[in-house]
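Visitor: Structure: query_24.txt, compact mmCIF, C-alpha atoms and all ligand atoms.
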# COMPACT_ATOMS: atom_id res chain seq x y z
CA MET A 337 -11.08 21.98 3.77
CA THR A 338 -10.18 18.65 5.34
CA ILE A 339 -9.58 15.13 4.03
CA LEU A 340 -9.90 11.76 5.78
CA VAL A 341 -7.17 9.16 5.33
CA THR A 342 -7.98 5.63 6.51
CA GLY A 343 -5.20 3.14 7.29
CA ALA A 344 -3.06 6.21 7.95
CA ALA A 345 -0.69 4.52 10.41
CA GLY A 346 0.30 1.80 7.93
CA PHE A 347 3.14 1.83 5.41
CA ILE A 348 1.66 3.75 2.46
CA GLY A 349 -0.99 5.64 4.47
CA SER A 350 1.62 7.19 6.77
CA ASN A 351 3.85 8.19 3.86
CA PHE A 352 0.79 9.76 2.21
CA VAL A 353 -0.19 11.72 5.33
CA LEU A 354 3.36 12.97 5.95
CA ASP A 355 3.65 14.20 2.35
CA TRP A 356 0.17 15.73 2.42
CA VAL A 357 0.84 17.76 5.57
CA ASN A 358 4.13 18.97 4.05
CA GLN A 359 2.65 19.97 0.73
CA SER A 360 -0.91 21.12 1.35
CA SER A 361 -2.65 23.74 3.45
CA GLU A 362 -5.58 21.36 4.01
CA GLU A 363 -5.98 19.53 7.32
CA VAL A 364 -5.92 15.72 7.54
CA VAL A 365 -7.91 13.41 9.78
CA SER A 366 -6.13 10.06 10.11
CA LEU A 367 -8.28 7.04 10.99
CA ASP A 368 -6.60 3.74 11.82
CA LEU A 369 -7.53 0.68 13.86
CA LEU A 370 -3.86 0.17 14.81
CA THR A 371 -3.73 -3.52 13.96
CA TYR A 372 -0.32 -5.24 14.06
CA ALA A 373 0.51 -3.28 10.85
CA GLY A 374 -0.51 0.14 12.16
CA ASN A 375 2.23 2.07 13.93
CA LEU A 376 1.72 5.52 15.42
CA GLU A 377 5.49 6.03 15.40
CA ASN A 378 5.20 6.44 11.62
CA LEU A 379 3.31 9.69 12.31
CA SER A 380 5.26 10.83 15.37
CA SER A 381 6.79 13.79 13.50
CA LEU A 382 3.24 15.26 13.30
CA GLU A 383 2.69 15.33 17.07
CA GLY A 384 1.39 18.77 18.04
CA ASN A 385 0.78 19.73 14.39
CA ALA A 386 -2.59 21.54 14.29
CA LYS A 387 -3.18 20.36 10.69
CA HIS A 388 -3.25 16.69 11.74
CA HIS A 389 -5.81 14.79 13.84
CA PHE A 390 -5.40 11.09 14.66
CA ILE A 391 -8.39 8.92 15.56
CA LYS A 392 -8.10 5.24 16.50
CA GLY A 393 -11.03 3.37 14.99
CA ASN A 394 -12.45 0.91 12.52
CA ILE A 395 -13.66 1.77 9.00
CA SER A 396 -16.56 -0.57 9.78
CA ASP A 397 -17.72 1.61 12.69
CA ARG A 398 -20.49 3.57 10.97
CA ASP A 399 -21.28 5.77 13.98
CA LEU A 400 -17.68 6.84 14.33
CA VAL A 401 -17.12 7.44 10.61
CA SER A 402 -20.40 9.39 10.30
CA LYS A 403 -19.41 11.59 13.25
CA LEU A 404 -16.00 12.28 11.73
CA LEU A 405 -17.47 13.13 8.34
CA LYS A 406 -19.83 15.68 9.91
CA LYS A 407 -17.48 17.08 12.54
CA TYR A 408 -14.69 17.86 10.07
CA GLN A 409 -16.96 18.60 7.07
CA LEU A 410 -14.73 16.30 5.04
CA ARG A 411 -14.37 17.00 1.34
CA ALA A 412 -12.52 13.79 0.39
CA ILE A 413 -11.59 10.32 1.65
CA VAL A 414 -8.55 8.28 0.69
CA ASN A 415 -9.10 4.66 1.73
CA PHE A 416 -5.88 2.76 2.47
CA ALA A 417 -7.29 0.69 5.35
CA ALA A 418 -6.85 -3.01 4.62
CA GLU A 419 -5.24 -6.26 5.57
CA SER A 420 -2.37 -6.21 3.08
CA HIS A 421 -0.09 -9.25 3.41
CA VAL A 422 -0.64 -12.17 1.02
CA ASP A 423 1.02 -14.76 3.30
CA ARG A 424 -1.18 -13.77 6.24
CA SER A 425 -4.24 -14.06 3.98
CA ILE A 426 -3.28 -17.70 3.37
CA HIS A 427 -3.13 -18.39 7.14
CA SER A 428 -6.16 -16.28 8.17
CA PRO A 429 -8.45 -15.30 5.26
CA GLY A 430 -11.29 -14.26 7.59
CA ASP A 431 -9.54 -11.02 8.63
CA PHE A 432 -9.26 -10.07 4.96
CA ILE A 433 -12.94 -10.68 4.26
CA GLU A 434 -13.84 -8.65 7.34
CA THR A 435 -11.74 -5.55 6.68
CA ASN A 436 -11.27 -5.49 2.93
CA ILE A 437 -14.80 -6.45 1.94
CA VAL A 438 -17.16 -5.81 4.87
CA GLY A 439 -15.08 -2.80 6.02
CA THR A 440 -15.14 -1.20 2.57
CA TYR A 441 -18.89 -1.83 2.34
CA ASN A 442 -19.53 -0.15 5.71
CA LEU A 443 -17.29 2.76 4.79
CA LEU A 444 -19.11 3.25 1.47
CA GLU A 445 -22.46 3.25 3.27
CA SER A 446 -21.35 5.82 5.87
CA VAL A 447 -20.00 8.01 3.10
CA ARG A 448 -23.09 7.64 0.94
CA SER A 449 -25.35 8.75 3.76
CA TYR A 450 -23.13 11.80 4.49
CA TRP A 451 -22.80 12.68 0.80
CA ASN A 452 -26.57 12.50 0.25
CA GLY A 453 -27.05 15.08 2.99
CA LEU A 454 -24.57 17.61 1.58
CA ASP A 455 -25.70 20.80 -0.14
CA GLU A 456 -25.27 20.82 -3.93
CA ASN A 457 -21.98 22.73 -3.88
CA HIS A 458 -20.26 20.42 -1.38
CA LYS A 459 -21.78 17.37 -3.04
CA LYS A 460 -20.31 18.38 -6.38
CA HIS A 461 -16.77 18.61 -4.99
CA PHE A 462 -16.75 15.53 -2.73
CA LYS A 463 -14.55 12.51 -3.70
CA PHE A 464 -13.90 9.00 -2.40
CA LEU A 465 -10.60 7.50 -3.57
CA HIS A 466 -10.14 3.75 -3.06
CA VAL A 467 -6.54 2.50 -3.01
CA SER A 468 -6.21 -0.95 -4.57
CA THR A 469 -3.63 -3.29 -6.02
CA ASP A 470 -2.45 -4.77 -9.32
CA GLU A 471 -2.96 -8.24 -7.78
CA VAL A 472 -6.68 -8.08 -8.69
CA TYR A 473 -5.65 -8.78 -12.31
CA GLY A 474 -4.04 -12.14 -11.47
CA SER A 475 -0.75 -13.45 -12.82
CA LEU A 476 1.12 -12.86 -16.11
CA SER A 477 3.41 -15.11 -18.11
CA LYS A 478 6.84 -13.76 -19.08
CA THR A 479 5.60 -12.59 -22.50
CA ASP A 480 2.12 -11.27 -21.63
CA PRO A 481 1.60 -7.53 -22.02
CA ALA A 482 1.45 -5.56 -18.75
CA PHE A 483 -1.89 -5.14 -16.95
CA ARG A 484 -4.16 -2.43 -18.35
CA GLU A 485 -7.27 -1.03 -16.66
CA THR A 486 -9.35 -3.10 -19.11
CA ASN A 487 -7.87 -6.45 -18.02
CA PRO A 488 -10.41 -8.80 -16.41
CA PHE A 489 -10.07 -9.44 -12.68
CA GLU A 490 -8.52 -12.86 -11.96
CA PRO A 491 -7.42 -12.75 -8.30
CA ASN A 492 -5.58 -15.81 -6.99
CA SER A 493 -5.04 -15.30 -3.25
CA PRO A 494 -7.52 -14.58 -0.45
CA TYR A 495 -5.89 -11.13 -0.23
CA SER A 496 -6.28 -10.27 -3.91
CA ALA A 497 -9.79 -11.75 -4.03
CA SER A 498 -10.82 -9.55 -1.10
CA LYS A 499 -9.32 -6.47 -2.77
CA ALA A 500 -11.04 -7.32 -6.06
CA ALA A 501 -14.34 -7.60 -4.18
CA SER A 502 -13.78 -4.18 -2.62
CA ASP A 503 -13.03 -2.67 -6.05
CA HIS A 504 -16.30 -4.11 -7.35
CA LEU A 505 -18.23 -2.59 -4.44
CA VAL A 506 -16.69 0.83 -5.08
CA ARG A 507 -17.58 0.57 -8.77
CA ALA A 508 -21.17 -0.47 -7.96
CA TRP A 509 -21.64 2.46 -5.54
CA TYR A 510 -20.72 4.80 -8.40
CA HIS A 511 -23.00 3.23 -10.99
CA THR A 512 -25.95 2.61 -8.68
CA TYR A 513 -25.88 5.53 -6.26
CA GLY A 514 -23.75 8.05 -8.15
CA LEU A 515 -21.19 8.18 -5.33
CA PRO A 516 -18.17 10.15 -6.70
CA VAL A 517 -15.45 7.50 -6.56
CA LEU A 518 -11.99 6.95 -8.02
CA THR A 519 -9.91 3.75 -7.80
CA THR A 520 -6.16 3.26 -8.16
CA ASN A 521 -4.53 -0.15 -8.78
CA CYS A 522 -0.86 0.01 -7.91
CA SER A 523 2.11 -2.34 -8.16
CA ASN A 524 4.50 -3.31 -5.31
CA ASN A 525 5.63 -0.40 -3.15
CA TYR A 526 8.82 -0.10 -1.13
CA GLY A 527 10.39 2.66 0.98
CA PRO A 528 10.38 4.09 4.54
CA TYR A 529 8.05 2.63 7.22
CA HIS A 530 7.54 -0.66 5.33
CA PHE A 531 6.61 -3.38 7.83
CA PRO A 532 9.29 -6.11 7.80
CA GLU A 533 6.95 -8.97 6.92
CA LYS A 534 7.26 -7.91 3.24
CA LEU A 535 10.19 -9.02 1.06
CA ILE A 536 12.36 -5.87 0.93
CA PRO A 537 12.32 -4.73 4.59
CA LEU A 538 12.42 -8.36 5.80
CA CYS A 539 15.59 -9.02 3.81
CA ILE A 540 17.27 -5.75 4.85
CA LEU A 541 16.72 -6.51 8.53
CA ASN A 542 17.52 -10.23 8.28
CA ALA A 543 20.74 -9.38 6.42
CA LEU A 544 21.84 -6.97 9.16
CA ASN A 545 21.00 -9.52 11.84
CA GLY A 546 22.91 -12.38 10.18
CA LYS A 547 19.69 -14.30 9.50
CA PRO A 548 18.67 -16.21 6.32
CA LEU A 549 17.20 -14.19 3.43
CA PRO A 550 14.22 -16.44 2.54
CA ILE A 551 13.54 -16.75 -1.20
CA TYR A 552 10.29 -18.53 -2.04
CA GLY A 553 10.60 -21.20 -4.75
CA ASP A 554 13.13 -20.35 -7.48
CA GLY A 555 13.10 -16.58 -6.81
CA GLN A 556 12.25 -15.85 -10.47
CA GLN A 557 8.80 -14.38 -9.71
CA ILE A 558 8.58 -10.85 -11.08
CA ARG A 559 7.16 -7.79 -9.36
CA ASP A 560 6.94 -4.21 -10.68
CA TRP A 561 8.44 -1.99 -7.96
CA LEU A 562 7.41 1.60 -7.20
CA TYR A 563 8.94 3.87 -4.57
CA VAL A 564 6.20 4.70 -2.06
CA LYS A 565 6.51 8.49 -2.48
CA ASP A 566 5.74 8.04 -6.19
CA HIS A 567 2.60 6.08 -5.32
CA CYS A 568 1.58 8.94 -3.01
CA SER A 569 2.12 11.55 -5.74
CA ALA A 570 0.03 9.45 -8.15
CA ILE A 571 -2.83 9.28 -5.63
CA ARG A 572 -2.72 13.06 -5.13
CA ARG A 573 -2.86 13.51 -8.91
CA VAL A 574 -5.82 11.14 -9.32
CA LEU A 575 -7.64 12.79 -6.41
CA ASP A 576 -7.09 16.19 -7.98
CA LYS A 577 -7.61 15.49 -11.68
CA GLY A 578 -9.00 11.96 -12.08
CA LYS A 579 -12.31 11.36 -13.85
CA LEU A 580 -15.01 10.14 -11.45
CA GLY A 581 -15.91 6.46 -11.79
CA GLU A 582 -12.58 5.66 -13.50
CA THR A 583 -9.79 3.34 -12.39
CA TYR A 584 -6.09 4.21 -12.84
CA ASN A 585 -3.16 1.79 -12.87
CA VAL A 586 -0.07 3.05 -11.02
CA GLY A 587 3.37 1.53 -11.64
CA GLY A 588 7.03 2.31 -11.94
CA TRP A 589 8.12 0.47 -15.11
CA ASN A 590 10.53 -1.43 -12.83
CA GLU A 591 10.00 -5.16 -13.33
CA LYS A 592 12.48 -7.23 -11.30
CA ALA A 593 12.82 -10.88 -10.32
CA ASN A 594 12.76 -11.37 -6.53
CA LEU A 595 16.25 -12.87 -6.49
CA ASP A 596 17.66 -9.80 -8.30
CA VAL A 597 15.91 -7.47 -5.84
CA VAL A 598 17.49 -9.25 -2.89
CA LYS A 599 20.93 -9.36 -4.57
CA THR A 600 20.70 -5.61 -5.25
CA LEU A 601 19.96 -4.75 -1.65
CA CYS A 602 22.74 -7.08 -0.50
CA ALA A 603 25.21 -5.23 -2.74
CA ILE A 604 24.11 -1.84 -1.31
CA LEU A 605 24.52 -3.20 2.23
CA ASP A 606 28.00 -4.56 1.34
CA GLU A 607 28.91 -1.00 0.38
CA LEU A 608 27.19 0.93 3.20
CA LYS A 609 27.64 -1.51 6.08
CA PRO A 610 30.19 -4.23 5.19
CA LYS A 611 30.12 -7.34 7.37
CA VAL A 612 32.87 -7.50 9.96
CA ASP A 613 33.79 -11.06 8.96
CA GLY A 614 34.41 -9.93 5.35
CA THR A 615 31.74 -12.20 3.81
CA LYS A 616 29.03 -10.88 1.48
CA TYR A 617 25.38 -10.50 2.54
CA GLU A 618 24.38 -12.53 -0.53
CA SER A 619 25.77 -15.62 1.19
CA GLN A 620 22.75 -15.44 3.55
CA ILE A 621 20.27 -16.11 0.69
CA THR A 622 18.29 -19.29 1.43
CA TYR A 623 15.70 -20.96 -0.78
CA VAL A 624 12.54 -21.92 1.13
CA LYS A 625 9.19 -23.54 0.35
CA ASP A 626 7.16 -21.58 -2.21
CA ARG A 627 4.05 -19.55 -1.36
CA PRO A 628 0.89 -21.57 -2.23
CA GLY A 629 -0.70 -20.21 -5.42
CA HIS A 630 2.26 -17.85 -5.90
CA ASP A 631 1.59 -15.39 -8.76
CA ARG A 632 4.47 -15.57 -11.24
CA ARG A 633 4.57 -12.05 -12.65
CA TYR A 634 2.93 -8.66 -12.17
CA ALA A 635 3.54 -5.73 -14.51
CA ILE A 636 1.64 -2.47 -14.71
CA ASP A 637 0.91 -0.44 -17.82
CA ALA A 638 0.43 3.06 -16.38
CA THR A 639 -0.02 4.75 -19.76
CA LYS A 640 -3.50 6.03 -18.89
CA LEU A 641 -2.23 7.87 -15.82
CA GLU A 642 0.74 9.20 -17.74
CA LYS A 643 -1.19 10.38 -20.82
CA GLU A 644 -4.42 11.62 -19.21
CA LEU A 645 -3.12 13.01 -15.92
CA GLN A 646 0.55 13.67 -16.82
CA TRP A 647 2.00 11.60 -13.96
CA ARG A 648 5.45 9.96 -14.00
CA PRO A 649 7.43 8.45 -11.11
CA GLN A 650 10.46 10.39 -9.88
CA GLU A 651 12.55 7.44 -8.71
CA THR A 652 14.11 4.58 -10.64
CA PHE A 653 14.52 1.27 -8.81
CA ASP A 654 18.24 2.01 -8.32
CA THR A 655 17.67 5.39 -6.65
CA GLY A 656 14.66 4.23 -4.64
CA ILE A 657 16.22 1.05 -3.26
CA ARG A 658 19.34 2.93 -2.16
CA LYS A 659 17.20 5.52 -0.32
CA THR A 660 15.27 2.67 1.29
CA VAL A 661 18.35 0.82 2.56
CA GLU A 662 19.75 4.13 3.87
CA TRP A 663 16.46 4.82 5.68
CA TYR A 664 16.53 1.45 7.49
CA LEU A 665 20.17 1.98 8.49
CA ALA A 666 19.34 5.45 9.85
CA ASN A 667 16.20 4.45 11.79
CA GLU A 668 17.33 1.81 14.25
CA THR A 669 14.87 2.89 16.97
CA TRP A 670 11.86 2.52 14.66
CA VAL A 671 13.16 -0.88 13.58
CA SER A 672 13.79 -2.12 17.12
CA HIS A 673 10.23 -1.19 18.20
CA VAL A 674 8.62 -2.76 15.13
CA VAL A 675 10.33 -6.14 15.49
CA SER A 676 9.41 -6.57 19.14
CA GLY A 677 6.26 -8.32 20.40
CA ASP A 678 3.88 -9.98 17.96
CA TYR A 679 6.27 -9.70 15.01
CA LYS A 680 8.34 -12.56 16.44
CA ASN A 681 5.26 -14.82 16.50
CA TRP A 682 4.62 -14.15 12.82
CA VAL A 683 8.20 -14.93 11.80
CA GLN A 684 8.09 -18.14 13.82
CA LYS A 685 4.79 -19.21 12.23
CA GLN A 686 5.79 -18.38 8.64
CA TYR A 687 9.43 -19.46 8.43
CA THR A 688 9.80 -22.54 10.62
P1 LIG A 701 -0.37 -1.84 5.74
O1 LIG A 701 -0.74 -3.22 6.14
O2 LIG A 701 1.02 -1.36 6.01
O3 LIG A 701 -1.35 -0.79 6.42
C1 LIG A 701 -2.73 -1.00 6.56
C2 LIG A 701 -3.25 -0.09 7.65
O4 LIG A 701 -4.66 -0.24 7.76
C3 LIG A 701 -2.67 -0.40 9.04
O5 LIG A 701 -2.22 0.79 9.65
C4 LIG A 701 -3.84 -1.01 9.81
O6 LIG A 701 -3.79 -0.74 11.19
C5 LIG A 701 -5.02 -0.30 9.14
N1 LIG A 701 -6.27 -1.06 9.25
C6 LIG A 701 -6.46 -2.39 9.06
N2 LIG A 701 -7.76 -2.71 9.25
C7 LIG A 701 -8.41 -1.55 9.54
C8 LIG A 701 -9.76 -1.22 9.82
N3 LIG A 701 -10.72 -2.16 9.82
N4 LIG A 701 -10.07 0.07 10.08
C9 LIG A 701 -9.11 1.02 10.08
N5 LIG A 701 -7.82 0.78 9.84
C10 LIG A 701 -7.46 -0.50 9.57
O7 LIG A 701 -0.71 -1.74 4.20
P2 LIG A 701 -0.04 -0.86 3.05
O8 LIG A 701 1.03 -1.64 2.42
O9 LIG A 701 0.23 0.50 3.57
O10 LIG A 701 -1.25 -0.81 2.01
C11 LIG A 701 -2.23 0.22 2.08
C12 LIG A 701 -3.25 0.00 0.98
O11 LIG A 701 -2.61 0.02 -0.28
C13 LIG A 701 -3.97 -1.35 1.06
O12 LIG A 701 -5.31 -1.15 0.71
C14 LIG A 701 -3.27 -2.22 0.03
O13 LIG A 701 -4.15 -3.17 -0.50
C15 LIG A 701 -2.90 -1.17 -1.01
N6 LIG A 701 -1.71 -1.47 -1.81
C16 LIG A 701 -0.52 -1.82 -1.21
C17 LIG A 701 0.61 -2.04 -1.98
C18 LIG A 701 1.93 -2.41 -1.37
O14 LIG A 701 2.87 -2.74 -2.10
N7 LIG A 701 2.10 -2.34 -0.06
C19 LIG A 701 0.53 -1.92 -3.38
C20 LIG A 701 -0.71 -1.58 -3.96
C21 LIG A 701 -1.81 -1.34 -3.16
O1 LIG A 702 1.47 -5.99 -6.09
C1 LIG A 702 1.00 -5.19 -5.04
C2 LIG A 702 1.04 -5.96 -3.76
O2 LIG A 702 2.41 -6.07 -3.37
C3 LIG A 702 0.22 -5.33 -2.64
O3 LIG A 702 -1.13 -5.32 -3.01
C4 LIG A 702 0.40 -6.10 -1.33
O4 LIG A 702 -0.30 -5.44 -0.28
C5 LIG A 702 1.88 -6.14 -1.00
O5 LIG A 702 2.09 -6.89 0.17
C6 LIG A 702 2.66 -6.75 -2.17
O6 LIG A 702 2.37 -8.16 -2.33
P1 LIG A 702 3.51 -9.24 -2.65
O7 LIG A 702 3.03 -10.56 -2.25
O8 LIG A 702 4.00 -9.08 -4.04
O9 LIG A 702 4.67 -8.67 -1.66
P2 LIG A 702 5.68 -9.43 -0.68
O10 LIG A 702 6.68 -8.42 -0.24
O11 LIG A 702 4.98 -10.24 0.34
O12 LIG A 702 6.42 -10.44 -1.68
C7 LIG A 702 7.11 -9.96 -2.82
C8 LIG A 702 7.63 -11.17 -3.57
O13 LIG A 702 8.67 -11.79 -2.78
C9 LIG A 702 6.59 -12.22 -3.79
O14 LIG A 702 6.82 -12.85 -5.06
C10 LIG A 702 6.83 -13.24 -2.68
C11 LIG A 702 8.34 -13.14 -2.46
N1 LIG A 702 8.80 -13.38 -1.08
C12 LIG A 702 8.18 -12.72 -0.05
C13 LIG A 702 8.56 -12.91 1.26
C14 LIG A 702 7.87 -12.20 2.40
C15 LIG A 702 9.86 -14.22 -0.84
O15 LIG A 702 10.47 -14.79 -1.78
N2 LIG A 702 10.27 -14.41 0.45
C16 LIG A 702 9.65 -13.82 1.52
O16 LIG A 702 10.05 -14.07 2.69
For the file at hand, write its structure as structure tokens.
Guide:
Amino acid sequence: MTILVTGAAGFIGSNFVLDWVNQSSEEVVSLDLLTYAGNLENLSSLEGNAKHHFIKGNISDRDLVSKLLKKYQLRAIVNFAAESHVDRSIHSPGDFIETNIVGTYNLLESVRSYWNGLDENHKKHFKFLHVSTDEVYGSLSKTDPAFRETNPFEPNSPYSASKAASDHLVRAWYHTYGLPVLTTNCSNNYGPYHFPEKLIPLCILNALNGKPLPIYGDGQQIRDWLYVKDHCSAIRRVLDKGKLGETYNVGGWNEKANLDVVKTLCAILDELKPKVDGTKYESQITYVKDRPGHDRRYAIDATKLEKELQWRPQETFDTGIRKTVEWYLANETWVSHVVSGDYKNWVQKQYT
């Protein structure tokens, strides 16, 4: 049997594919448009591996997706493909509408047509898993209970609004057409292959390069951090055992204020790669203009996933963040390629 992973050259998609190939006998077809966020180097360890097939393409390309579905007789799809960065969605919302909403719609339609043509046995076992975010639920105050699957959607950024729209489409394709779907809503991920436009990899690389560590506003916004490999294991569990039509929250019970996250990674860098001038990395922290519409707090209640599907994360924030810093220190070539070219334009646009 074979599965299709979309957005497979991005941060979470590539971690998912690498783990899948290591742990399963099933083949994987990776589909990715290779936007600025897609990086084939993330999958370079799979070159020549007969269990992995990479195809460059758009989830909106119905001809291509239909051909892939038939050619590989796919039994499941995990949809990671998306525009994923909140700050970029503020500058250019159109890309987010195009990929996250129209792209998901086109993908659902290609899949529906394939699924309708399957024989009863294959039809019964087919699954479409849509990977989404906790940001669809909006923002919490300090004392609000964590997000549950029953929380109403209250997205506040063009990114989260586009993801919420995609979740609604997936839900509607289940209720209206019976398409066998599952949705996961996960908190903030971190770990290997994270593109350095996001807080954690940006601050690790800026620290090492003697650049400012930009903290938006007062730095007291709270995120609930999950090591990427734990997100991948949760998706495998939901794909395997999840109830069709259901949504599952995924989180690490690791709420942290942004400032504390950055101070923690500075302390690890002080230990692993002390600065030659004897100063601390923390001295590079710089407060900058806040993100417009910045959500104050996210927190995930993953009790449903824990109780119904017996999933728990393996990493705490302390173990995961140390592994992450070590990975960036050990992968200088990957880093040097990623920060060349268009990356510089983004940093210029966002931080000056
Ligand atoms: P990413 O930006 O690193 O990767 C997205 C990938 O999708 C890239 O490889 C890109 O080339 C590809 N892509 C974009 N448009 C495409 C299209 N039209 N067709 C095919 N491929 C396309 O994102 P990520 O952080 O790996 O996130 C993956 C998914 O997980 C997203 O749906 C995101 O909303 C969700 N998510 C992310 C986080 C997080 O903390 N990063 C948390 C929860 C959920
Ligand atoms: O919650 C899940 C979401 O987490 C995913 O759906 C998104 O795809 C993913 O990008 C992430 O969104 P965030 O906006 O929370 O992540 P980001 O790393 O961009 O920012 C984390 C926090 O750090 C946020 O409060 C904004 C702040 N920040 C970010 C950057 C890039 C800064 O203070 N300075 C920065 O330079």
Visitor: Can you pull out the residues contacting A:Ala373? Cut-off 8 Å, using only C-alpha atoms, and skip same-chain residues under 3 positions away; I want them as a list of chain:residue names.
Guide: A:Ala345, A:Gly346, A:Phe347, A:Leu370, A:Phe531
Visitor: Hey, which residues sit close to ligand LIG 701 (chain A)? Say within 6 Å, counting only C-alpha atoms and all ligand atoms, and write them as a ChimeraX atom specification.
Guide: /A:342-349,368-371,373-374,393-395,416-420,435,439,467-469,522-525
Visitor: Please list as a ChimeraX atom specification every residue within 6 Å of stretch 633-641 of chain A, counting only C-alpha atoms and excluding residues in the same chain fewer than 5 positions away.
Guide: /A:475-476,482-484,557-560,585-587,647
Visitor: Throw together the list of residues within 6 Å of ligand LIG 702 (chain A), counting all atoms listed in the file, and drop it here as a PyMOL selection string.
Guide: chain A and resi 420-422+469-471+523-524+533-535+550-552+555+557+594
Visitor: My list of candidates is A:Val612, A:Thr688, A:Ser569, A:Leu665. Which is closest to A:Gln646 when distances are computed with all atoms listed in the file?
Guide: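 Ranking A:Val612, A:Thr688, A:Ser569, A:Leu665 by distance to A:Gln646, first place goes to A:Ser569.
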Visitor: Out of A:Ala593, A:Asn492, A:Thr512, A:Arg648, which residue has the shortest atom-to-atom distance to A:Asp566 when counting all atoms listed in the file?
Guide: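 Among the listed residues, A:Arg648 lies closest to A:Asp566.
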Visitor: Need the shell around A:Ala501: protein/DNA/RNA residues with any atom at most 9 Å away, counting all atoms listed in the file. Skip same-chain ones fewer than 6 positions apart. Format as a PyMOL selection string?
Guide: chain A and resi 436-437+472
Visitor: Missing atoms in stretch 602-614 of chain A need filling: write out N, CA, C and O atoms for it as a CSV table (one decimal), in the frame of the given file.
Guide:
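Final output, result_7.csv:
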chain,number,residue,atom,x,y,z
A,602,CYS,N,21.5,-6.5,-1.1
A,602,CYS,CA,22.7,-7.1,-0.5
A,602,CYS,C,24.0,-6.3,-0.9
A,602,CYS,O,24.8,-6.0,-0.1
A,603,ALA,N,24.0,-6.0,-2.2
A,603,ALA,CA,25.2,-5.2,-2.7
A,603,ALA,C,25.3,-3.8,-2.1
A,603,ALA,O,26.4,-3.3,-1.8
A,604,ILE,N,24.1,-3.2,-1.9
A,604,ILE,CA,24.1,-1.8,-1.3
A,604,ILE,C,24.6,-2.0,0.1
A,604,ILE,O,25.4,-1.1,0.6
A,605,LEU,N,24.1,-3.0,0.8
A,605,LEU,CA,24.5,-3.2,2.2
A,605,LEU,C,26.0,-3.5,2.3
A,605,LEU,O,26.7,-3.0,3.2
A,606,ASP,N,26.5,-4.3,1.4
A,606,ASP,CA,28.0,-4.6,1.3
A,606,ASP,C,28.8,-3.3,1.3
A,606,ASP,O,29.8,-3.1,1.9
A,607,GLU,N,28.2,-2.3,0.5
A,607,GLU,CA,28.9,-1.0,0.4
A,607,GLU,C,28.7,-0.1,1.6
A,607,GLU,O,29.7,0.5,2.1
A,608,LEU,N,27.5,0.0,2.1
A,608,LEU,CA,27.2,0.9,3.2
A,608,LEU,C,27.5,0.4,4.6
A,608,LEU,O,27.8,1.1,5.5
A,609,LYS,N,27.4,-0.9,4.8
A,609,LYS,CA,27.6,-1.5,6.1
A,609,LYS,C,28.3,-2.9,5.9
A,609,LYS,O,27.6,-3.9,6.2
A,610,PRO,N,29.6,-2.9,5.5
A,610,PRO,CA,30.2,-4.2,5.2
A,610,PRO,C,30.2,-5.1,6.4
A,610,PRO,O,30.4,-4.6,7.6
A,611,LYS,N,30.1,-6.4,6.2
A,611,LYS,CA,30.1,-7.3,7.4
A,611,LYS,C,31.5,-7.4,8.0
A,611,LYS,O,32.5,-7.4,7.2
A,612,VAL,N,31.6,-7.5,9.3
A,612,VAL,CA,32.9,-7.5,10.0
A,612,VAL,C,33.7,-8.7,9.6
A,612,VAL,O,34.9,-8.7,9.6
A,613,ASP,N,33.0,-9.9,9.3
A,613,ASP,CA,33.8,-11.1,9.0
A,613,ASP,C,34.2,-11.1,7.5
A,613,ASP,O,34.8,-12.1,7.0
A,614,GLY,N,33.9,-10.0,6.7
A,614,GLY,CA,34.4,-9.9,5.4
A,614,GLY,C,33.6,-10.7,4.3
A,614,GLY,O,33.8,-10.6,3.1
